[in-house]
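Colleague: Handing you this structure, nothing more for now.
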Amino acid sequence: MSSKKHTILIAGASGVVGMAATEYFASLPDWQVMALSRRPVSLPDGVVHVPVDLCDLTACESAAANLTGVTHVLFAALYELPELVAGWRDPRQMAVNEAMLKNLLDTLTPKAKGLRHITILQGTKAYGGHVEPAPVPAKERWPRHWHENFYWLQEDLLRTRQPESSWTFSILRPQLVLGYAVSSPMNIVPAIGAYAALMREMGQPLNFPGGGRCVNAASDSRLIAQAAHFTATHEIAANETYNVVNGDTLVWHDIWGSIAQKFGMQAGPSVPMALASEMPKHEALWQKVVQKHGLRNLSLEQLIGSSWQFTDRSLAFGLAHPANAVLSPIKLHQHGFHGCMDTEDALIYWIERMQQNGLLPR
């Protein structure tokens, strides 16, 4: 039995948000952390790994017997189809993401009698930005966007069960999450880092591979973890939805020079390139980079996965005049959370973390 005041179960602990949250909550003296993931993951001292596939109801039932002391849940698990953008509107993907949360709730809540709070994640797709341009800045008080997505399925599941439960919930909506993960479907950091390394190996400057200028924003995964701590421990956050973004704005063209400098390169001009189709062609060259710099022996597919697709979209490849996209953090600040991050510094921080861990070359 843990002597800690709180026990948090972080589902999806191998992902970008899950890894940052695991590190953050493990650093707090009153929190016992249980990290749930399908695949093995490197964990801080004292964190208990719960190896479970949330799509497997029987496995969830078996695991729940050891989760009776859980007081809080951060649900950061995510299922994405290989065709990333198309999958966002695919009924199969929606059904799997709904089922993962349902399986956890069905098996955990009867066992964890002390469960007090659940936090789930949504994102900018809640405002329909992948369907049509969203007004700027996007605000939580707006009605739901009309398109179908798994966000609404998961949210409705919580809202239906919460009135008869002892727990409350919160919903966090980050934008363009920056963090550390391997083979994540939506992590721009290793994709940009590997692109830079390959261009450097070919003797090229760091050309900008995306589209036209637009105002954007991002969310450091460490900030999301801090916001999850706030929502888990403040009554005002009960059953509320919050945008959680760094607080500044992002124009990729204007910080591209900082990224180039981090790899000892010159920033080049805009040379549009579909990274998802072009970068996998350079696997042999990547292996040369791996050997040359003593990196961990991972292929581009193992390191980056479908994040090439996500990066193309994030950098507005193929769009001469992309729409601006910014979420308002005002509600979260008004309710008492005042965390913020410098996006340029955050991006460099996570590049350095991946360099230190032998995933990207210095």
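Residue numbers start at 1 in each chain; chains themselves are named A, B, ... in the order of the structure tokens; ligands are numbered from 1 in the order shown.
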Using only C-alpha atoms, which protein or nucleic acid residues come within 9 Å of segment 320-325 of chain A? Drop anything in the same chain fewer than 2 positions from it, and give the result as a PyMOL selection string.
Modeller: chain A and resi 124+129+132-138+211-217+316-318+327
Colleague: Near Leu198 of chain A, within 10 Å and counting only C-alpha atoms, which residues show up once chain neighbours fewer than 3 positions away are dropped, as a VMD selection string?
Modeller: chain A and resid 192 to 195 201 to 204 206 279 282 to 283 285 to 286 288 to 289
Colleague: Kindly give the distance, in Å, that separates atom CA of Ala274 of chain A and atom CA of Gln309 of chain A, rounded to a single decimal.
Modeller: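 Atom CA of Gln309 of chain A lies 8.4 Å from atom CA of Ala274 of chain A.
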Colleague: I'd like to know which of A:Leu223, A:Val33, A:Pro329, A:Lys111 is closest to Thr68 of chain A, using only C-alpha atoms.
Modeller: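 Counting only C-alpha atoms, the residue closest to Thr68 of chain A is A:Lys111.
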Colleague: Need to verify the contact set: Ile118 of chain A, 10 Å, only C-alpha atoms, exclusion of same-chain residues closer than 2 positions in sequence. Can you return it as number ranges by chain?
Modeller: A: 8-9, 71-75, 105, 115-116, 120, 158, 162, 167-171, 228, 231-232, 238-239
Colleague: Next, the residues of the selection above should be written as a short mmCIF file (atom, residue, chain, number, x, y, z; two decimals), in the first residue's frame with C-alpha atoms.
Modeller:
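Resulting contents of result_4.cif:
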```cif
data_model
loop_
_atom_site.label_atom_id
_atom_site.label_comp_id
_atom_site.auth_asym_id
_atom_site.auth_seq_id
_atom_site.Cartn_x
_atom_site.Cartn_y
_atom_site.Cartn_z
CA ILE A 8 -2.15 8.75 -10.34
CA LEU A 9 -2.58 6.29 -13.21
CA THR A 71 -7.06 8.38 -6.88
CA HIS A 72 -6.45 10.19 -10.17
CA VAL A 73 -6.28 9.26 -13.85
CA LEU A 74 -4.58 11.11 -16.69
CA PHE A 75 -5.82 9.50 -19.88
CA LEU A 105 -13.56 3.05 -16.83
CA LEU A 115 -10.97 7.65 -7.44
CA ARG A 116 -11.44 11.42 -7.32
CA ILE A 120 -8.60 13.46 -20.68
CA LEU A 158 -17.49 10.90 -18.94
CA GLN A 162 -19.98 11.47 -13.79
CA TRP A 167 -15.11 11.50 -9.30
CA THR A 168 -15.00 14.67 -11.39
CA PHE A 169 -13.19 15.18 -14.68
CA SER A 170 -11.38 17.82 -16.71
CA ILE A 171 -10.58 18.11 -20.40
CA ALA A 228 -3.03 18.24 -15.37
CA THR A 231 -6.99 20.29 -12.74
CA ALA A 232 -6.52 17.22 -10.55
CA ALA A 238 -14.30 20.02 -11.89
CA ASN A 239 -16.01 19.06 -15.16
#
```
Colleague: Which residues come within 12 Å of His293 of chain A, counting only C-alpha atoms, excluding same-chain residues fewer than 2 positions away, as an mmCIF file with C-alpha atoms, in the first residue's frame?
Modeller:
```
data_model
loop_
_atom_site.group_PDB
_atom_site.id
_atom_site.type_symbol
_atom_site.label_atom_id
_atom_site.label_comp_id
_atom_site.auth_asym_id
_atom_site.auth_seq_id
_atom_site.Cartn_x
_atom_site.Cartn_y
_atom_site.Cartn_z
ATOM 1 C CA ALA A 197 20.534 15.692 -39.737
ATOM 2 C CA GLU A 201 24.781 14.955 -44.138
ATOM 3 C CA TRP A 286 20.094 7.799 -41.882
ATOM 4 C CA GLN A 287 21.883 4.580 -40.936
ATOM 5 C CA LYS A 288 25.113 6.301 -41.906
ATOM 6 C CA VAL A 289 24.221 9.177 -39.567
ATOM 7 C CA VAL A 290 23.410 6.667 -36.810
ATOM 8 C CA GLN A 291 26.804 4.994 -37.157
ATOM 9 C CA LEU A 295 23.077 6.968 -32.096
ATOM 10 C CA ARG A 296 20.657 4.319 -30.932
ATOM 11 C CA ASN A 297 20.108 1.753 -33.661
ATOM 12 C CA GLN A 355 20.341 14.459 -28.619
ATOM 13 C CA GLN A 356 21.400 13.602 -25.065
ATOM 14 C CA ASN A 357 19.608 10.267 -25.331
ATOM 15 C CA GLY A 358 21.241 9.288 -28.593
ATOM 16 C CA LEU A 359 18.170 9.691 -30.783
ATOM 17 C CA LEU A 360 19.351 12.734 -32.756
ATOM 18 C CA PRO A 361 22.900 13.826 -33.589
ATOM 19 C CA ARG A 362 24.343 16.942 -32.025
#
```
Colleague: Quick one: of A:Ala181, A:Val326, A:Leu319, A:Met186, who's nearest to Leu81 of chain A, counting only C-alpha atoms?
Modeller: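 Ranked by minimum distance to Leu81 of chain A, first place goes to A:Met186.
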Colleague: Go through A:Asp106, A:Asp312, A:Glu140, A:Glu98 one by one, measure the shortest atom-to-atom distance of each to Leu153 of chain A using only C-alpha atoms, and give the residue with the smallest value.
Modeller: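 Under the stated criterion, the closest residue is A:Glu98.
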Colleague: Identify, on the basis of only C-alpha atoms, every residue whose closest approach to Arg89 of chain A does not exceed 12 Å; exclude the query and any residue fewer than 6 positions from it along the same chain; express the result as a PyMOL selection string.
Modeller: chain A and resi 80-81+83+95+125+128+130-131+147-151
Colleague: Go ahead and write the selection's residues with all heavy atoms as a short mmCIF file (atom, residue, chain, number, x, y, z; two decimals), in the first residue's frame.
Modeller:
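Generated output (selection26.cif):
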```cif
data_model
loop_
_atom_site.label_atom_id
_atom_site.label_comp_id
_atom_site.auth_asym_id
_atom_site.auth_seq_id
_atom_site.Cartn_x
_atom_site.Cartn_y
_atom_site.Cartn_z
N GLU A 80 -3.97 5.95 -33.40
CA GLU A 80 -3.99 6.61 -34.69
C GLU A 80 -3.78 5.58 -35.80
O GLU A 80 -2.93 4.69 -35.66
CB GLU A 80 -2.89 7.68 -34.80
CG GLU A 80 -3.01 8.82 -33.80
CD GLU A 80 -4.00 9.89 -34.22
OE1 GLU A 80 -4.61 9.73 -35.31
OE2 GLU A 80 -4.17 10.87 -33.47
N LEU A 81 -4.52 5.72 -36.88
CA LEU A 81 -4.31 4.87 -38.05
C LEU A 81 -3.06 5.31 -38.79
O LEU A 81 -2.61 6.45 -38.66
CB LEU A 81 -5.53 4.95 -38.97
CG LEU A 81 -6.80 4.26 -38.46
CD1 LEU A 81 -7.99 4.63 -39.32
CD2 LEU A 81 -6.61 2.76 -38.41
N GLU A 83 -2.55 6.11 -41.89
CA GLU A 83 -2.83 7.33 -42.66
C GLU A 83 -3.38 8.37 -41.69
O GLU A 83 -4.58 8.46 -41.46
CB GLU A 83 -3.82 7.03 -43.78
CG GLU A 83 -3.24 6.18 -44.89
CD GLU A 83 -2.10 6.91 -45.62
OE1 GLU A 83 -2.18 8.14 -45.79
OE2 GLU A 83 -1.12 6.23 -45.99
N ALA A 95 -13.95 4.63 -32.90
CA ALA A 95 -14.46 3.54 -32.08
C ALA A 95 -13.38 2.97 -31.16
O ALA A 95 -13.64 2.65 -29.99
CB ALA A 95 -15.03 2.44 -32.97
N LYS A 125 -8.33 19.86 -32.96
CA LYS A 125 -9.38 19.32 -33.83
C LYS A 125 -10.76 19.50 -33.21
O LYS A 125 -11.77 19.39 -33.90
CB LYS A 125 -9.10 17.85 -34.13
CG LYS A 125 -7.86 17.64 -35.01
CD LYS A 125 -7.74 16.20 -35.48
CE LYS A 125 -7.39 15.23 -34.38
NZ LYS A 125 -6.07 15.51 -33.77
N GLY A 128 -12.37 22.06 -35.11
CA GLY A 128 -12.60 21.80 -36.52
C GLY A 128 -11.59 22.40 -37.46
O GLY A 128 -11.86 22.52 -38.66
N HIS A 130 -9.07 21.17 -38.83
CA HIS A 130 -8.67 20.27 -39.90
C HIS A 130 -9.77 20.13 -40.95
O HIS A 130 -9.57 19.49 -41.98
CB HIS A 130 -8.31 18.90 -39.34
CG HIS A 130 -9.42 18.21 -38.61
ND1 HIS A 130 -10.10 18.79 -37.57
CD2 HIS A 130 -9.98 16.99 -38.78
CE1 HIS A 130 -11.02 17.96 -37.12
NE2 HIS A 130 -10.97 16.86 -37.85
N VAL A 131 -10.93 20.71 -40.66
CA VAL A 131 -12.07 20.65 -41.57
C VAL A 131 -12.26 22.00 -42.28
O VAL A 131 -12.50 22.06 -43.48
CB VAL A 131 -13.35 20.27 -40.81
CG1 VAL A 131 -14.56 20.26 -41.74
CG2 VAL A 131 -13.18 18.91 -40.14
N HIS A 147 -18.33 18.46 -36.82
CA HIS A 147 -17.79 17.22 -37.38
C HIS A 147 -17.70 16.12 -36.31
O HIS A 147 -17.57 16.40 -35.13
CB HIS A 147 -16.40 17.47 -37.98
CG HIS A 147 -15.30 17.56 -36.95
ND1 HIS A 147 -15.15 18.65 -36.11
CD2 HIS A 147 -14.32 16.70 -36.62
CE1 HIS A 147 -14.11 18.45 -35.32
NE2 HIS A 147 -13.59 17.27 -35.60
N GLU A 148 -17.76 14.87 -36.76
CA GLU A 148 -17.65 13.74 -35.85
C GLU A 148 -16.20 13.48 -35.50
O GLU A 148 -15.32 13.56 -36.36
CB GLU A 148 -18.25 12.49 -36.49
CG GLU A 148 -19.76 12.57 -36.70
CD GLU A 148 -20.32 11.29 -37.28
OE1 GLU A 148 -19.52 10.49 -37.82
OE2 GLU A 148 -21.53 11.07 -37.20
N ASN A 149 -15.93 13.16 -34.25
CA ASN A 149 -14.57 12.79 -33.82
C ASN A 149 -14.65 12.08 -32.48
O ASN A 149 -15.67 12.13 -31.80
CB ASN A 149 -13.66 14.02 -33.75
CG ASN A 149 -14.13 15.01 -32.69
OD1 ASN A 149 -13.89 14.81 -31.51
ND2 ASN A 149 -14.82 16.07 -33.11
N PHE A 150 -13.56 11.41 -32.12
CA PHE A 150 -13.59 10.62 -30.89
C PHE A 150 -13.57 11.49 -29.64
O PHE A 150 -13.91 11.02 -28.55
CB PHE A 150 -12.45 9.59 -30.86
CG PHE A 150 -11.08 10.14 -30.57
CD1 PHE A 150 -10.68 10.37 -29.26
CD2 PHE A 150 -10.20 10.42 -31.59
CE1 PHE A 150 -9.41 10.87 -28.98
CE2 PHE A 150 -8.93 10.91 -31.32
CZ PHE A 150 -8.54 11.13 -30.02
N TYR A 151 -13.18 12.76 -29.77
CA TYR A 151 -13.21 13.64 -28.61
C TYR A 151 -14.61 13.65 -27.99
O TYR A 151 -14.79 13.55 -26.77
CB TYR A 151 -12.86 15.07 -28.99
CG TYR A 151 -11.46 15.32 -29.46
CD1 TYR A 151 -11.17 16.48 -30.18
CD2 TYR A 151 -10.42 14.43 -29.20
CE1 TYR A 151 -9.89 16.75 -30.63
CE2 TYR A 151 -9.14 14.69 -29.64
CZ TYR A 151 -8.87 15.86 -30.36
OH TYR A 151 -7.61 16.13 -30.80
#
```
Colleague: So how far away is atom CA of Thr107 of chain A from atom CA of Ser62 of chain A, in Å?
Modeller: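 Computing it gives 8.6 Å between the two atoms.
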Colleague: What does the distance between atom CA of Gly87 of chain A and atom CA of Arg141 of chain A come to in Å, to one decimal place?
Modeller: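 Separation between atom CA of Gly87 of chain A and atom CA of Arg141 of chain A: 26.6 Å.
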Colleague: Do a neighbour search on segment 332-337 of chain A at 7 Å with only C-alpha atoms, toss out local chain neighbours closer than 5 positions, and write the hits as a VMD selection string.
Modeller: chain A and resid 230 236 242 to 243
Colleague: Generate the output file for the selected residues, N, CA, C and O atoms, as an mmCIF file, in the first residue's frame.
Modeller:
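Generated output (part-v5.cif):
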```cif
data_model
loop_
_atom_site.group_PDB
_atom_site.id
_atom_site.type_symbol
_atom_site.label_atom_id
_atom_site.label_comp_id
_atom_site.auth_asym_id
_atom_site.auth_seq_id
_atom_site.Cartn_x
_atom_site.Cartn_y
_atom_site.Cartn_z
ATOM 1 N N PHE A 230 -2.828 20.781 -11.896
ATOM 2 C CA PHE A 230 -3.764 21.817 -11.442
ATOM 3 C C PHE A 230 -5.211 21.311 -11.488
ATOM 4 O O PHE A 230 -5.961 21.428 -10.517
ATOM 5 N N ILE A 236 -12.234 24.146 -8.726
ATOM 6 C CA ILE A 236 -12.765 24.972 -9.794
ATOM 7 C C ILE A 236 -12.688 24.274 -11.154
ATOM 8 O O ILE A 236 -13.446 24.584 -12.073
ATOM 9 N N TYR A 242 -10.353 23.078 -20.742
ATOM 10 C CA TYR A 242 -9.363 24.148 -20.816
ATOM 11 C C TYR A 242 -8.444 23.980 -22.016
ATOM 12 O O TYR A 242 -7.895 22.890 -22.243
ATOM 13 N N ASN A 243 -8.235 25.063 -22.751
ATOM 14 C CA ASN A 243 -7.092 25.118 -23.661
ATOM 15 C C ASN A 243 -5.832 25.240 -22.817
ATOM 16 O O ASN A 243 -5.806 25.976 -21.822
#
```
Colleague: I want to know what sits within 12 Å of Leu176 of chain A, based on only C-alpha atoms, with residues of the same chain fewer than 4 positions away left out; could you give that as a short mmCIF file (atom, residue, chain, number, x, y, z; two decimals) with C-alpha atoms, in the first residue's frame?
Modeller:
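File around_35.cif, as written:
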```
data_model
loop_
_atom_site.label_atom_id
_atom_site.label_comp_id
_atom_site.auth_asym_id
_atom_site.auth_seq_id
_atom_site.Cartn_x
_atom_site.Cartn_y
_atom_site.Cartn_z
CA VAL A 16 4.60 12.51 -25.74
CA VAL A 17 2.24 13.77 -23.03
CA GLN A 122 -8.55 16.66 -26.75
CA GLY A 123 -6.82 19.16 -29.05
CA THR A 124 -7.23 21.71 -31.80
CA LYS A 125 -9.38 19.32 -33.83
CA MET A 186 2.35 13.18 -33.68
CA ASN A 187 5.75 14.40 -32.48
CA ILE A 188 7.33 17.08 -34.63
CA VAL A 189 10.60 17.20 -32.64
CA ASN A 216 0.28 29.19 -34.84
CA ALA A 217 0.93 28.09 -31.25
CA ALA A 218 2.30 25.10 -29.37
CA SER A 219 2.10 23.31 -26.02
CA ASP A 220 5.16 22.01 -24.18
CA SER A 221 4.33 18.58 -22.78
CA ILE A 224 0.45 20.04 -20.05
CA ASN A 243 -7.09 25.12 -23.66
CA VAL A 244 -3.50 24.66 -22.50
CA VAL A 245 -0.90 26.39 -24.67
CA ASN A 246 2.48 27.92 -24.02
CA THR A 249 2.60 32.46 -30.71
CA LEU A 250 4.60 30.56 -33.30
CA SER A 307 5.07 11.97 -37.44
CA PHE A 310 2.01 15.31 -38.84
CA THR A 311 5.04 17.51 -39.52
CA ARG A 313 0.64 19.33 -41.83
CA SER A 314 2.12 21.37 -38.97
CA LEU A 315 4.49 23.18 -41.35
CA ALA A 325 -4.57 28.75 -35.65
CA VAL A 326 -4.28 29.88 -32.04
CA LEU A 327 -6.03 28.66 -28.90
CA THR A 343 7.92 27.95 -27.55
CA ALA A 346 10.81 24.52 -25.55
CA LEU A 347 11.57 23.25 -29.03
#
```
Colleague: Taking the DSSP assignment computed from this structure's backbone, write out as a VMD selection string all residues of segment 27-136 of chain A that belong to alpha helix (DSSP H).
Modeller: chain A and resid 57 to 64 84 to 87 91 to 108
Colleague: Deliver the residues from the most recent selection as a file, using C-alpha atoms, as a PDB file, in the first residue's frame.
Modeller:
```
ATOM      1  CA  LEU A  57     -10.950  -5.772 -21.950  1.00  0.00           C
ATOM      2  CA  THR A  58      -9.739  -8.978 -20.300  1.00  0.00           C
ATOM      3  CA  ALA A  59      -6.262  -7.493 -19.791  1.00  0.00           C
ATOM      4  CA  CYS A  60      -7.828  -4.374 -18.293  1.00  0.00           C
ATOM      5  CA  GLU A  61      -9.859  -6.491 -15.885  1.00  0.00           C
ATOM      6  CA  SER A  62      -6.749  -8.347 -14.732  1.00  0.00           C
ATOM      7  CA  ALA A  63      -4.776  -5.129 -14.252  1.00  0.00           C
ATOM      8  CA  ALA A  64      -7.582  -3.408 -12.343  1.00  0.00           C
ATOM      9  CA  LEU A  84      -2.760   9.977 -39.979  1.00  0.00           C
ATOM     10  CA  VAL A  85      -4.849  12.832 -41.358  1.00  0.00           C
ATOM     11  CA  ALA A  86      -7.419  10.599 -43.053  1.00  0.00           C
ATOM     12  CA  GLY A  87      -7.722   8.643 -39.813  1.00  0.00           C
ATOM     13  CA  PRO A  91     -15.166   5.722 -37.725  1.00  0.00           C
ATOM     14  CA  ARG A  92     -12.835   2.818 -36.884  1.00  0.00           C
ATOM     15  CA  GLN A  93     -10.341   5.121 -35.225  1.00  0.00           C
ATOM     16  CA  MET A  94     -13.088   6.862 -33.301  1.00  0.00           C
ATOM     17  CA  ALA A  95     -14.457   3.536 -32.075  1.00  0.00           C
ATOM     18  CA  VAL A  96     -11.073   2.301 -30.849  1.00  0.00           C
ATOM     19  CA  ASN A  97     -10.343   5.506 -28.920  1.00  0.00           C
ATOM     20  CA  GLU A  98     -13.778   5.379 -27.313  1.00  0.00           C
ATOM     21  CA  ALA A  99     -13.334   1.708 -26.435  1.00  0.00           C
ATOM     22  CA  MET A 100      -9.954   2.287 -24.762  1.00  0.00           C
ATOM     23  CA  LEU A 101     -11.408   4.817 -22.344  1.00  0.00           C
ATOM     24  CA  LYS A 102     -14.541   2.733 -21.808  1.00  0.00           C
ATOM     25  CA  ASN A 103     -12.513  -0.392 -21.011  1.00  0.00           C
ATOM     26  CA  LEU A 104     -10.496   1.509 -18.443  1.00  0.00           C
ATOM     27  CA  LEU A 105     -13.561   3.052 -16.832  1.00  0.00           C
ATOM     28  CA  ASP A 106     -15.500  -0.225 -16.794  1.00  0.00           C
ATOM     29  CA  THR A 107     -12.711  -2.097 -15.037  1.00  0.00           C
ATOM     30  CA  LEU A 108     -11.070   0.588 -12.905  1.00  0.00           C
TER      31      LEU A 108
END
```
Colleague: If you run DSSP on the backbone here, which positions in segment 67-290 of chain A get strand (DSSP E or B)? Please write them as JSON, numbers by chain.
Modeller: {"A": [72, 73, 74, 75, 117, 118, 119, 120, 121, 138, 168, 169, 170, 171, 172, 173, 177, 178, 206, 207, 208, 216, 219, 220, 240, 241, 242, 243, 250, 267, 268, 269, 270]}
Colleague: Output N, CA, C and O atoms for every residue in the selection just made, as a CSV table (one decimal), in the first residue's frame.
Modeller:
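What landed in selection-v8.csv:
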```csv
chain,number,residue,atom,x,y,z
A,72,HIS,N,-6.4,9.3,-9.0
A,72,HIS,CA,-6.5,10.2,-10.2
A,72,HIS,C,-6.1,9.4,-11.4
A,72,HIS,O,-5.2,8.5,-11.4
A,73,VAL,N,-6.6,9.8,-12.6
A,73,VAL,CA,-6.3,9.3,-13.8
A,73,VAL,C,-6.0,10.4,-14.8
A,73,VAL,O,-6.7,11.4,-14.9
A,74,LEU,N,-4.9,10.3,-15.5
A,74,LEU,CA,-4.6,11.1,-16.7
A,74,LEU,C,-4.6,10.2,-17.9
A,74,LEU,O,-3.8,9.3,-18.1
A,75,PHE,N,-5.6,10.4,-18.7
A,75,PHE,CA,-5.8,9.5,-19.9
A,75,PHE,C,-5.2,10.2,-21.1
A,75,PHE,O,-5.8,11.0,-21.8
A,117,HIS,N,-10.6,12.0,-9.5
A,117,HIS,CA,-10.6,12.9,-10.7
A,117,HIS,C,-10.0,12.2,-11.9
A,117,HIS,O,-9.0,11.3,-11.8
A,118,ILE,N,-10.5,12.5,-13.1
A,118,ILE,CA,-10.0,12.0,-14.4
A,118,ILE,C,-9.8,13.1,-15.3
A,118,ILE,O,-10.6,14.0,-15.4
A,119,THR,N,-8.6,13.2,-15.9
A,119,THR,CA,-8.3,14.2,-17.0
A,119,THR,C,-8.1,13.5,-18.3
A,119,THR,O,-7.4,12.5,-18.4
A,120,ILE,N,-8.8,14.0,-19.3
A,120,ILE,CA,-8.6,13.5,-20.7
A,120,ILE,C,-8.1,14.6,-21.6
A,120,ILE,O,-8.2,15.8,-21.2
A,121,LEU,N,-7.6,14.2,-22.7
A,121,LEU,CA,-7.0,15.2,-23.7
A,121,LEU,C,-7.8,15.2,-24.9
A,121,LEU,O,-8.3,14.2,-25.4
A,138,ALA,N,-9.3,30.4,-30.6
A,138,ALA,CA,-10.3,29.5,-30.3
A,138,ALA,C,-10.6,29.4,-28.8
A,138,ALA,O,-9.7,29.4,-28.0
A,168,THR,N,-14.8,13.6,-10.4
A,168,THR,CA,-15.0,14.7,-11.4
A,168,THR,C,-14.0,14.5,-12.5
A,168,THR,O,-13.1,13.6,-12.5
A,169,PHE,N,-14.1,15.3,-13.6
A,169,PHE,CA,-13.2,15.2,-14.7
A,169,PHE,C,-12.8,16.6,-15.2
A,169,PHE,O,-13.5,17.6,-14.9
A,170,SER,N,-11.8,16.6,-16.0
A,170,SER,CA,-11.4,17.8,-16.7
A,170,SER,C,-10.9,17.4,-18.1
A,170,SER,O,-10.5,16.3,-18.3
A,171,ILE,N,-11.0,18.3,-19.0
A,171,ILE,CA,-10.6,18.1,-20.4
A,171,ILE,C,-9.5,19.2,-20.7
A,171,ILE,O,-9.8,20.4,-20.6
A,172,LEU,N,-8.4,18.7,-21.2
A,172,LEU,CA,-7.3,19.6,-21.6
A,172,LEU,C,-7.2,19.6,-23.1
A,172,LEU,O,-7.2,18.5,-23.7
A,173,ARG,N,-7.1,20.8,-23.7
A,173,ARG,CA,-6.9,20.9,-25.2
A,173,ARG,C,-5.6,21.6,-25.5
A,173,ARG,O,-5.5,22.8,-25.5
A,177,VAL,N,1.8,19.6,-29.7
A,177,VAL,CA,2.5,19.2,-28.5
A,177,VAL,C,4.0,19.0,-28.8
A,177,VAL,O,4.4,18.2,-29.7
A,178,LEU,N,4.9,19.6,-28.0
A,178,LEU,CA,6.3,19.4,-28.1
A,178,LEU,C,6.8,18.5,-26.9
A,178,LEU,O,6.5,18.8,-25.8
A,206,LEU,N,19.6,24.1,-44.0
A,206,LEU,CA,18.3,23.7,-43.5
A,206,LEU,C,17.2,24.5,-44.1
A,206,LEU,O,16.7,25.5,-43.6
A,207,ASN,N,16.8,24.0,-45.3
A,207,ASN,CA,15.7,24.7,-46.1
A,207,ASN,C,14.4,24.4,-45.3
A,207,ASN,O,14.2,23.4,-44.7
A,208,PHE,N,13.5,25.4,-45.4
A,208,PHE,CA,12.2,25.2,-44.8
A,208,PHE,C,11.3,24.4,-45.8
A,208,PHE,O,11.0,24.9,-46.9
A,216,ASN,N,0.6,30.5,-35.4
A,216,ASN,CA,0.3,29.2,-34.8
A,216,ASN,C,0.6,29.3,-33.4
A,216,ASN,O,1.0,30.3,-32.8
A,219,SER,N,2.2,23.7,-27.4
A,219,SER,CA,2.1,23.3,-26.0
A,219,SER,C,3.3,22.4,-25.6
A,219,SER,O,3.4,21.3,-26.2
A,220,ASP,N,4.1,22.9,-24.7
A,220,ASP,CA,5.2,22.0,-24.2
A,220,ASP,C,4.5,20.9,-23.3
A,220,ASP,O,3.6,21.2,-22.5
A,240,GLU,N,-14.6,20.8,-16.2
A,240,GLU,CA,-14.4,21.9,-17.0
A,240,GLU,C,-13.4,21.5,-18.2
A,240,GLU,O,-12.7,20.5,-18.1
A,241,THR,N,-13.4,22.3,-19.2
A,241,THR,CA,-12.6,22.2,-20.4
A,241,THR,C,-11.6,23.4,-20.5
A,241,THR,O,-12.1,24.5,-20.3
A,242,TYR,N,-10.4,23.1,-20.7
A,242,TYR,CA,-9.4,24.1,-20.8
A,242,TYR,C,-8.4,24.0,-22.0
A,242,TYR,O,-7.9,22.9,-22.2
A,243,ASN,N,-8.2,25.1,-22.8
A,243,ASN,CA,-7.1,25.1,-23.7
A,243,ASN,C,-5.8,25.2,-22.8
A,243,ASN,O,-5.8,26.0,-21.8
A,250,LEU,N,3.6,31.2,-32.6
A,250,LEU,CA,4.6,30.6,-33.3
A,250,LEU,C,4.4,30.8,-34.8
A,250,LEU,O,3.4,30.5,-35.3
A,267,ALA,N,20.4,28.4,-42.1
A,267,ALA,CA,19.0,28.3,-42.5
A,267,ALA,C,18.9,28.6,-44.0
A,267,ALA,O,19.4,29.7,-44.4
A,268,GLY,N,18.2,27.8,-44.7
A,268,GLY,CA,18.1,28.0,-46.1
A,268,GLY,C,16.8,28.6,-46.5
A,268,GLY,O,15.9,28.9,-45.6
A,269,PRO,N,16.5,28.7,-47.8
A,269,PRO,CA,15.2,29.3,-48.2
A,269,PRO,C,14.1,28.3,-48.1
A,269,PRO,O,14.3,27.2,-47.7
A,270,SER,N,12.9,28.7,-48.4
A,270,SER,CA,11.7,27.8,-48.5
A,270,SER,C,11.8,26.9,-49.7
A,270,SER,O,11.9,27.4,-50.8
```
